[in-house]
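Peer 1: Here you go, structure25.pdb (PDB, C-alpha atoms):
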```
ATOM      1  CA  MET A   1       0.000   0.000   0.000
ATOM      2  CA  VAL A   2       1.267   3.450  -0.939
ATOM      3  CA  LYS A   3       1.449   5.984   1.892
ATOM      4  CA  VAL A   4       0.144   9.499   1.258
ATOM      5  CA  TYR A   5       0.968  12.649   3.183
ATOM      6  CA  ASP A   6      -0.822  15.955   3.788
ATOM      7  CA  ARG A   7       0.673  19.394   3.123
ATOM      8  CA  ASN A   8       2.544  19.249   6.451
ATOM      9  CA  ARG A   9       4.040  15.806   5.662
ATOM     10  CA  ASN A  10       1.785  13.994   8.155
ATOM     11  CA  GLN A  11       0.652  10.583   6.952
ATOM     12  CA  ILE A  12      -3.059  10.417   6.119
ATOM     13  CA  ILE A  13      -4.611   7.300   7.639
ATOM     14  CA  PRO A  14      -8.211   6.096   7.186
ATOM     15  CA  GLY A  15     -10.287   6.888  10.267
ATOM     16  CA  LYS A  16      -8.364  10.070  11.140
ATOM     17  CA  ARG A  17      -9.887  13.542  11.018
ATOM     18  CA  VAL A  18      -8.703  15.854   8.263
ATOM     19  CA  MET A  19      -9.434  19.418   7.231
ATOM     20  CA  VAL A  20      -9.781  20.591   3.648
ATOM     21  CA  ALA A  21      -7.240  23.420   3.522
ATOM     22  CA  GLN A  22      -9.139  25.625   1.041
ATOM     23  CA  THR A  23     -12.505  25.567   2.823
ATOM     24  CA  GLY A  24     -11.758  24.660   6.450
ATOM     25  CA  GLU A  25     -14.271  21.803   6.235
ATOM     26  CA  ILE A  26     -13.529  19.008   8.723
ATOM     27  CA  ASP A  27     -14.241  15.385   7.844
ATOM     28  CA  VAL A  28     -12.842  11.881   8.372
ATOM     29  CA  ALA A  29     -10.637  10.091   5.846
ATOM     30  CA  LYS A  30     -12.665   7.053   4.841
ATOM     31  CA  ALA A  31     -10.312   5.365   2.363
ATOM     32  CA  ILE A  32      -7.119   5.886   0.413
ATOM     33  CA  HIS A  33      -7.468   4.700  -3.210
ATOM     34  CA  THR A  34      -3.911   4.104  -4.441
ATOM     35  CA  GLU A  35      -4.341   0.817  -6.314
ATOM     36  CA  GLY A  36      -2.065   0.697  -9.341
ATOM     37  CA  LEU A  37      -0.445   4.070  -8.622
ATOM     38  CA  ALA A  38       3.204   4.820  -8.005
ATOM     39  CA  PRO A  39       3.941   6.869  -4.845
ATOM     40  CA  VAL A  40       4.600   9.999  -6.913
ATOM     41  CA  GLN A  41       1.289   9.606  -8.763
ATOM     42  CA  ALA A  42      -0.627   9.036  -5.511
ATOM     43  CA  GLU A  43       0.600  12.384  -4.157
ATOM     44  CA  ARG A  44      -0.829  14.217  -7.187
ATOM     45  CA  GLU A  45      -4.152  12.425  -7.745
ATOM     46  CA  PRO A  46      -7.428  12.755  -5.796
ATOM     47  CA  VAL A  47      -7.069   9.509  -3.836
ATOM     48  CA  VAL A  48      -8.323  10.398  -0.331
ATOM     49  CA  GLU A  49     -12.055   9.689   0.031
ATOM     50  CA  LEU A  50     -13.815  11.558   2.826
ATOM     51  CA  GLN A  51     -16.528   9.913   4.904
ATOM     52  CA  HIS A  52     -19.325  12.483   5.034
ATOM     53  CA  THR A  53     -18.978  14.153   1.644
ATOM     54  CA  GLY A  54     -17.883  11.083  -0.307
ATOM     55  CA  GLU A  55     -15.593  13.304  -2.385
ATOM     56  CA  ARG A  56     -11.972  12.513  -3.192
ATOM     57  CA  TYR A  57      -9.142  14.964  -2.587
ATOM     58  CA  VAL A  58      -5.484  15.307  -3.478
ATOM     59  CA  PRO A  59      -3.503  14.609  -0.269
ATOM     60  CA  PHE A  60      -1.761  18.024  -0.460
ATOM     61  CA  ASP A  61      -5.177  19.739  -0.194
ATOM     62  CA  LEU A  62      -5.712  18.201   3.270
ATOM     63  CA  VAL A  63      -4.370  18.791   6.782
ATOM     64  CA  ARG A  64      -4.478  15.904   9.269
ATOM     65  CA  LEU A  65      -5.990  16.792  12.640
ATOM     66  CA  GLY A  66      -4.691  14.684  15.504
TER      67      GLY A  66
END
```
Rewrite the coordinates I just gave you, this time as structure tokens.
Peer 2:
Amino acid sequence: MVKVYDRNRNQIIPGKRVMVAQTGEIDVAKAIHTEGLAPVQAEREPVVELQHTGERYVPFDLVRLG
């Protein structure tokens, strides 16, 4: 499994709270979809699925909270 990191280089882990940097919206990372991607590709693609919105975000657009 490829590890992805937020804009502060904190690893994003499913089940952890994250904030969308542009909007300040707080949600929980539901899943990381990195199947078939190289680590460099995973950092640049919308692979982090959020629990409540169901949207996917690029890891750099997120900030892990705790």
Peer 1: Taking the point (-4.4, 16.6, 0.5) as given in the file, collect each protein or nucleic acid residue that comes within 10 Å of it, counting all atoms listed in the file, and present the set as a count of residues only.
Peer 2: 26
Peer 1: Expand the PyMOL selection byres ((chain A and resi 49) around 9) into the explicit residue set it covers here, and present it as a PyMOL selection string.
Peer 2: chain A and resi 14+28-33+46-48+50-51+53-57
Peer 1: What does the distance from atom CA of A:Gln11 to atom CA of A:His52 come to in Å, to one decimal?
Peer 2: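 Separating atom CA of A:Gln11 from atom CA of A:His52 is a distance of 20.2 Å.
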Peer 1: If the box runs along x, y and z of the file and leaves 4 Å on each side of stretch 57-64 of chain A, what are its centre and edge lengths in Å, one decimal, as AutoDock Vina command-line options?
Peer 2:
```
--center_x -5.5 --center_y 17.2 --center_z 2.9 --size_x 15.4 --size_y 13.1 --size_z 20.7
```
Peer 1: What separation in Å, quoted to one decimal, exists between atom CA of A:Gln22 and atom CA of A:Val40?
Peer 2: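 Here the two named atoms are 22.3 Å from each other.
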Peer 1: Suppose you want the space between atom CA of A:Asn10 and atom CA of A:Ala42; what is it in Å?
Peer 2: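 Separation of atom CA of A:Asn10 and atom CA of A:Ala42: 14.7 Å.
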